[in-house]
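See below for the structure under consideration.
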There are 2 protein chains.
Amino acid sequence: MLTGDAREHLLQHYPMLREMPAAELDALLAAAHVLDIPAGTVIFDEDQPCQGFPLLLSGSVRVSKSSPNGRELQLYRVGPGESCILTSSCLLGHSPYHARGIAERDTRMAVLSPATFKALIAGNEAFRDYIFALFSERLTDLMQLVSAVAFQKLDQRLASLLAARTSPISTTHQALADELGSVREIVSRLLKNFAEQGWIRLGREQIEVIDIAALQRYAAL
Amino acid sequence: MLTGDAREHLLQHYPMLREMPAAELDALLAAAHVLDIPAGTVIFDEDQPCQGFPLLLSGSVRVSKSSPNGRELQLYRVGPGESCILTSSCLLGHSPYHARGIAERDTRMAVLSPATFKALIAGNEAFRDYIFALFSERLTDLMQLVSAVAFQKLDQRLASLLAARTSPISTTHQALADELGSVREIVSRLLKNFAEQGWIRLGREQIEVIDIAALQRYAAL
DNA sequence: CCCGCTCTGTGACTTTCCTCACAGACAGCC
DNA sequence: GGCTGTCTGTGAGGAAAGTCACAGAGCGGG
């Protein structure tokens with residue numbers, strides 16, 4: 001059951017729901033429930049079936065693949081206003097998960113039953129378009145990712161990652177490595193190179209971007 | 001306008017269309033048109049907008065990314081009965097293509113206007129489910145691909161590729177390299193290794209798989 | 001039958017990335 | 001202040017993959 005704040009957040013992040021008849025919206029809200037998930041929780045993992053459609057209200061979720069030898073690679077991130085499309089994929093494609101989802105920060109989501117979700121998709125054109133657009137975006141992201149992993153050097157990918165964040169980036173080298181699918185040592189070395197070029201300044205759990213343009217130029221090489 | 005053979009093929013590969021009222025189906029068929037595409041044709045390319053939804057009737061399409069230095073990597077293949085989901089993605093996500101599509105063999109497809117497609121999605125539950133399932137499958141495939149490219153050695157990927165085809169595989173080493181995102185020399189060397197292990201036998205434009213089990217075992221290592 | 005084309009085999013070398021191993025740096029906490 | 005745990009820097013060594021260069025093999029067309 002969704003009420004008060006949660007209800008407001010939902011309508012704010014998923015404005016297309018406002019277009020529904022009030023009675024239907026109420027029914028939907030009554031059927032949904034809210035989950036509060038502390039940072040670091042593993043929300044789902046490989047080969048698990050899934051049971052509902054999450055609509056993110058706040059926080060963010062990291063979706064990643066991990067290799068047998070302990071390396072990890074981030075596939076994408078899900079923010080508020082973005083239903084985790086992978087879950088939709090599981091339910092619609094009738095297959096279990098093929099990746100892991102971890103709450104990066106404290107996260108709140110509304111969970112719809114498969115039936116409710118299907119009804120929404122069928123009856124609400126705006127919502128349906130929205131979901132399709134999300135699917136489409138993820139597909140595009142993944143294609144870009146495949147191409148980056150296959151064809152780009154690690155330093156270029158790192159550069160573009162750094163350039164894409166807001167400047168005092170506070171993270172560990174290990175976390176960056178996990179995002180890129182590499183290992184800590186390499187990331188450390190590459191960062192040192194960038195620092196020697198004068199593109200960034202390094203500190204403990206902190207990276208300050210000094211010359212974004214140079215990073216972008218190098219990434220696009 | 002779709003008639004005769006093409007109509008039969010369409011209904012055969014997309015059986016969910018049979019469930020529509022006859023009048024609607026006729027309207028749909030009248031609005032659609034058929035494209036015959038000779039093998040080797042580039043059907044779409046990066047950064048091109050797209051105008052219609054193709055439903056494959058026969059043949060097959062290779063969807064791939066290519067790198068600035070001329071290497072290539074196959075993302076997936078589309079067969080009869082599989083609308084090219086990337087195109088849907090383009091139209092639904094309102095973005096241009098991000099990959100290249102080439103007809104592997106002579107290919108025939110029915111093309112629907114965006115409006116017709118949207119109407120189908122809205123009005124036909126079975127068709128909608130089908131499209132979602134396709135999206136879902138592609139998403140899963142791509143996630144697997146990312147993980148393979150990032151974490152698996154090339155010889156393992158090659159082994160699983162060989163194991164997945166029916167035995168007298170007729171192709172060139174270059175084509176295999178393009179599928180894997182690598183280069184010809186490497187593929188040649190790896191194939192030679194496999195041949196020395198007694199897993200395959202090599203001939204000009206021909207690879208005979210002798211020990212599938214061994215290949216699969218090696219791929220799964 | 002020979003010419004020219006594509007396809008294949010192969011050696012030598014380079015680059016990129018990973019692995020292992022450890023040492024120093026910094027923060028927080030008793 | 002000393003201890004502990006996490007984070008970072010770095011060197012040595014190796015494996016995988018890509019690059020370059022070229023030779024031979026097979027096939028089809030004139």
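All residue names refer to the structure tokens as shown: chains lettered A, B, ... in order, residues numbered from 1 in each chain, ligands numbered from 1 in order.
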
Segment 12-28 of chain D: which residues within 10 Å, counting only C-alpha atoms (C1' of nucleotides), same-chain residues fewer than 3 positions away excluded, as number ranges by chain? B: 153-154, 182-183, 185-186, 204; C: 4-21

Among the residues of segment 4-92 of chain B, find those DSSP assigns to alpha helix (DSSP H) from the backbone and print them as a ChimeraX atom specification. /B:4-13,22-31,85-92

Go ahead and save the picked residues with N, CA and C atoms, as a PDB file, in the first residue's frame.
```pdb
ATOM      1  N   GLY B   4      -0.656 -13.420 -50.782  1.00  0.00           N
ATOM      2  CA  GLY B   4      -0.143 -14.735 -51.175  1.00  0.00           C
ATOM      3  C   GLY B   4       0.894 -15.303 -50.236  1.00  0.00           C
ATOM      4  N   ASP B   5       2.007 -15.721 -50.831  1.00  0.00           N
ATOM      5  CA  ASP B   5       3.107 -16.333 -50.088  1.00  0.00           C
ATOM      6  C   ASP B   5       3.523 -15.516 -48.872  1.00  0.00           C
ATOM      7  N   ALA B   6       3.765 -14.251 -49.124  1.00  0.00           N
ATOM      8  CA  ALA B   6       4.283 -13.389 -48.065  1.00  0.00           C
ATOM      9  C   ALA B   6       3.322 -13.392 -46.885  1.00  0.00           C
ATOM     10  N   ARG B   7       2.046 -13.312 -47.178  1.00  0.00           N
ATOM     11  CA  ARG B   7       1.035 -13.337 -46.132  1.00  0.00           C
ATOM     12  C   ARG B   7       1.122 -14.623 -45.329  1.00  0.00           C
ATOM     13  N   GLU B   8       1.265 -15.727 -46.034  1.00  0.00           N
ATOM     14  CA  GLU B   8       1.365 -17.021 -45.351  1.00  0.00           C
ATOM     15  C   GLU B   8       2.597 -17.085 -44.455  1.00  0.00           C
ATOM     16  N   HIS B   9       3.708 -16.633 -45.025  1.00  0.00           N
ATOM     17  CA  HIS B   9       4.954 -16.646 -44.247  1.00  0.00           C
ATOM     18  C   HIS B   9       4.826 -15.813 -42.986  1.00  0.00           C
ATOM     19  N   LEU B  10       4.238 -14.655 -43.149  1.00  0.00           N
ATOM     20  CA  LEU B  10       4.095 -13.748 -42.009  1.00  0.00           C
ATOM     21  C   LEU B  10       3.306 -14.424 -40.894  1.00  0.00           C
ATOM     22  N   LEU B  11       2.164 -14.996 -41.267  1.00  0.00           N
ATOM     23  CA  LEU B  11       1.303 -15.608 -40.250  1.00  0.00           C
ATOM     24  C   LEU B  11       1.962 -16.844 -39.642  1.00  0.00           C
ATOM     25  N   GLN B  12       2.795 -17.472 -40.449  1.00  0.00           N
ATOM     26  CA  GLN B  12       3.466 -18.673 -39.954  1.00  0.00           C
ATOM     27  C   GLN B  12       4.525 -18.307 -38.911  1.00  0.00           C
ATOM     28  N   HIS B  13       5.270 -17.248 -39.197  1.00  0.00           N
ATOM     29  CA  HIS B  13       6.343 -16.861 -38.277  1.00  0.00           C
ATOM     30  C   HIS B  13       5.845 -15.996 -37.127  1.00  0.00           C
ATOM     31  N   ALA B  22     -10.318 -10.164 -38.306  1.00  0.00           N
ATOM     32  CA  ALA B  22      -9.938 -10.254 -39.718  1.00  0.00           C
ATOM     33  C   ALA B  22      -9.794  -8.883 -40.374  1.00  0.00           C
ATOM     34  N   ALA B  23     -10.690  -7.993 -40.026  1.00  0.00           N
ATOM     35  CA  ALA B  23     -10.674  -6.667 -40.651  1.00  0.00           C
ATOM     36  C   ALA B  23      -9.372  -5.939 -40.317  1.00  0.00           C
ATOM     37  N   GLU B  24      -8.992  -6.002 -39.058  1.00  0.00           N
ATOM     38  CA  GLU B  24      -7.758  -5.337 -38.639  1.00  0.00           C
ATOM     39  C   GLU B  24      -6.545  -5.938 -39.322  1.00  0.00           C
ATOM     40  N   LEU B  25      -6.555  -7.250 -39.381  1.00  0.00           N
ATOM     41  CA  LEU B  25      -5.446  -7.933 -40.019  1.00  0.00           C
ATOM     42  C   LEU B  25      -5.309  -7.492 -41.469  1.00  0.00           C
ATOM     43  N   ASP B  26      -6.447  -7.411 -42.133  1.00  0.00           N
ATOM     44  CA  ASP B  26      -6.418  -6.980 -43.533  1.00  0.00           C
ATOM     45  C   ASP B  26      -5.845  -5.572 -43.658  1.00  0.00           C
ATOM     46  N   ALA B  27      -6.264  -4.713 -42.755  1.00  0.00           N
ATOM     47  CA  ALA B  27      -5.772  -3.332 -42.774  1.00  0.00           C
ATOM     48  C   ALA B  27      -4.254  -3.323 -42.593  1.00  0.00           C
ATOM     49  N   LEU B  28      -3.816  -4.143 -41.656  1.00  0.00           N
ATOM     50  CA  LEU B  28      -2.382  -4.231 -41.377  1.00  0.00           C
ATOM     51  C   LEU B  28      -1.628  -4.684 -42.618  1.00  0.00           C
ATOM     52  N   LEU B  29      -2.150  -5.734 -43.237  1.00  0.00           N
ATOM     53  CA  LEU B  29      -1.467  -6.285 -44.403  1.00  0.00           C
ATOM     54  C   LEU B  29      -1.451  -5.282 -45.552  1.00  0.00           C
ATOM     55  N   ALA B  30      -2.515  -4.535 -45.636  1.00  0.00           N
ATOM     56  CA  ALA B  30      -2.590  -3.543 -46.711  1.00  0.00           C
ATOM     57  C   ALA B  30      -1.551  -2.451 -46.498  1.00  0.00           C
ATOM     58  N   ALA B  31      -1.313  -2.112 -45.234  1.00  0.00           N
ATOM     59  CA  ALA B  31      -0.392  -1.019 -44.928  1.00  0.00           C
ATOM     60  C   ALA B  31       1.075  -1.448 -45.010  1.00  0.00           C
ATOM     61  N   ILE B  85      14.936  -6.205 -33.211  1.00  0.00           N
ATOM     62  CA  ILE B  85      14.574  -5.436 -32.043  1.00  0.00           C
ATOM     63  C   ILE B  85      15.312  -4.115 -31.982  1.00  0.00           C
ATOM     64  N   LEU B  86      16.462  -4.063 -32.618  1.00  0.00           N
ATOM     65  CA  LEU B  86      17.233  -2.832 -32.596  1.00  0.00           C
ATOM     66  C   LEU B  86      16.466  -1.713 -33.274  1.00  0.00           C
ATOM     67  N   THR B  87      15.766  -2.067 -34.341  1.00  0.00           N
ATOM     68  CA  THR B  87      14.984  -1.068 -35.045  1.00  0.00           C
ATOM     69  C   THR B  87      13.848  -0.568 -34.157  1.00  0.00           C
ATOM     70  N   SER B  88      13.197  -1.503 -33.504  1.00  0.00           N
ATOM     71  CA  SER B  88      12.153  -1.115 -32.574  1.00  0.00           C
ATOM     72  C   SER B  88      12.743  -0.148 -31.579  1.00  0.00           C
ATOM     73  N   SER B  89      13.904  -0.520 -31.098  1.00  0.00           N
ATOM     74  CA  SER B  89      14.585   0.304 -30.115  1.00  0.00           C
ATOM     75  C   SER B  89      14.802   1.714 -30.641  1.00  0.00           C
ATOM     76  N   CYS B  90      15.220   1.803 -31.878  1.00  0.00           N
ATOM     77  CA  CYS B  90      15.459   3.117 -32.468  1.00  0.00           C
ATOM     78  C   CYS B  90      14.205   3.957 -32.453  1.00  0.00           C
ATOM     79  N   LEU B  91      13.134   3.350 -32.920  1.00  0.00           N
ATOM     80  CA  LEU B  91      11.900   4.121 -33.043  1.00  0.00           C
ATOM     81  C   LEU B  91      11.304   4.440 -31.682  1.00  0.00           C
ATOM     82  N   LEU B  92      11.318   3.461 -30.799  1.00  0.00           N
ATOM     83  CA  LEU B  92      10.707   3.668 -29.493  1.00  0.00           C
ATOM     84  C   LEU B  92      11.566   4.571 -28.622  1.00  0.00           C
TER      85      LEU B  92
END
```

For chain A, work out the contacting residues on chain B at 9 Å, counting only C-alpha atoms, and write them as JSON, numbers by chain. {"B": [65, 66, 67, 68, 69, 71, 72, 73, 75, 85, 86, 88, 89, 90, 91, 92, 93, 94, 95, 97, 98, 99, 121, 122, 123, 124, 125, 128, 129, 130, 132, 133, 134, 135, 136, 137, 138, 139, 140, 142, 143, 144, 145, 146, 147, 149, 150, 151, 152, 181, 182]}

For Glu104 of chain B, find every residue with an atom within 10 Å (counting only C-alpha atoms (C1' of nucleotides)), except residues of its own chain fewer than 5 positions away, and show them as a list of chain:residue names.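 Listed by chain and then number, they are B:Ile37, B:Pro38, B:Ala39, B:Gly40, B:Thr41, B:Val42, B:Gly59, B:Ser60, B:Val61, B:Arg62, B:Val63, B:Arg77, B:Val78.
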
If we count only C-alpha atoms (C1' of nucleotides) and set the cut-off at 12 Å, which residues sit around DT4 of chain D, ignoring sequence neighbours fewer than 4 positions away in its own chain? Please answer as a PyMOL selection string. chain C and resi 26-30

Any idea what the distance is between atom CA of Ile207 of chain B and atom CA of Tyr76 of chain B?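 Here the two named atoms are 21.5 Å from each other.
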
Neighbouring residues of DC7 of chain D were defined as those with any atom within 10 Å, considering only C-alpha atoms (C1' of nucleotides); residues of the same chain fewer than 4 positions away were excluded. Please report them as a PDB file with C-alpha atoms (C1' of nucleotides), in the first residue's frame.
```pdb
ATOM      1  CA  THR A 172      38.513   3.942  -4.327  1.00  0.00           C
ATOM      2  CA  HIS A 173      40.685   2.618  -7.101  1.00  0.00           C
ATOM      3  CA  GLN A 174      39.154  -0.787  -6.476  1.00  0.00           C
ATOM      4  CA  ARG A 204      42.964   9.223  -0.577  1.00  0.00           C
ATOM      5  CA  GLU A 205      39.542   8.111  -1.799  1.00  0.00           C
TER       6      GLU A 205
ATOM      7  C1'  DA C  25      50.478   5.928   3.884  1.00  0.00           C
ATOM      8  C1'  DC C  26      46.541   7.319   6.124  1.00  0.00           C
TER       9       DC C  26
END
```

Could you pull out the residues in segment 20-194 of chain A that DSSP calls strand (DSSP E) from the backbone, as a ChimeraX atom specification? /A:33-37,42-44,53-58,61-66,72-78,100-103,107-112

Would you pick out the contacts of Arg217 of chain B at 10 Å or less, using only C-alpha atoms (C1' of nucleotides), so that residues sharing its chain but fewer than 3 positions from it are not included, and give the list as a list of chain:residue names? B:Gln156, B:Ala159, B:Ser160, B:Ala163, B:Ile212, B:Ala213, B:Ala214, B:Ala220, B:Leu221

What gap, in Å, lies between atom CA of Thr166 of chain B and atom CA of Arg100 of chain B? 25.8 Å

As a list of chain:residue names, could you give me every residue of chain D near chain A (at most 10 Å apart, counting only C-alpha atoms (C1' of nucleotides))? D:DC7, D:DT8, D:DG9, D:DT10
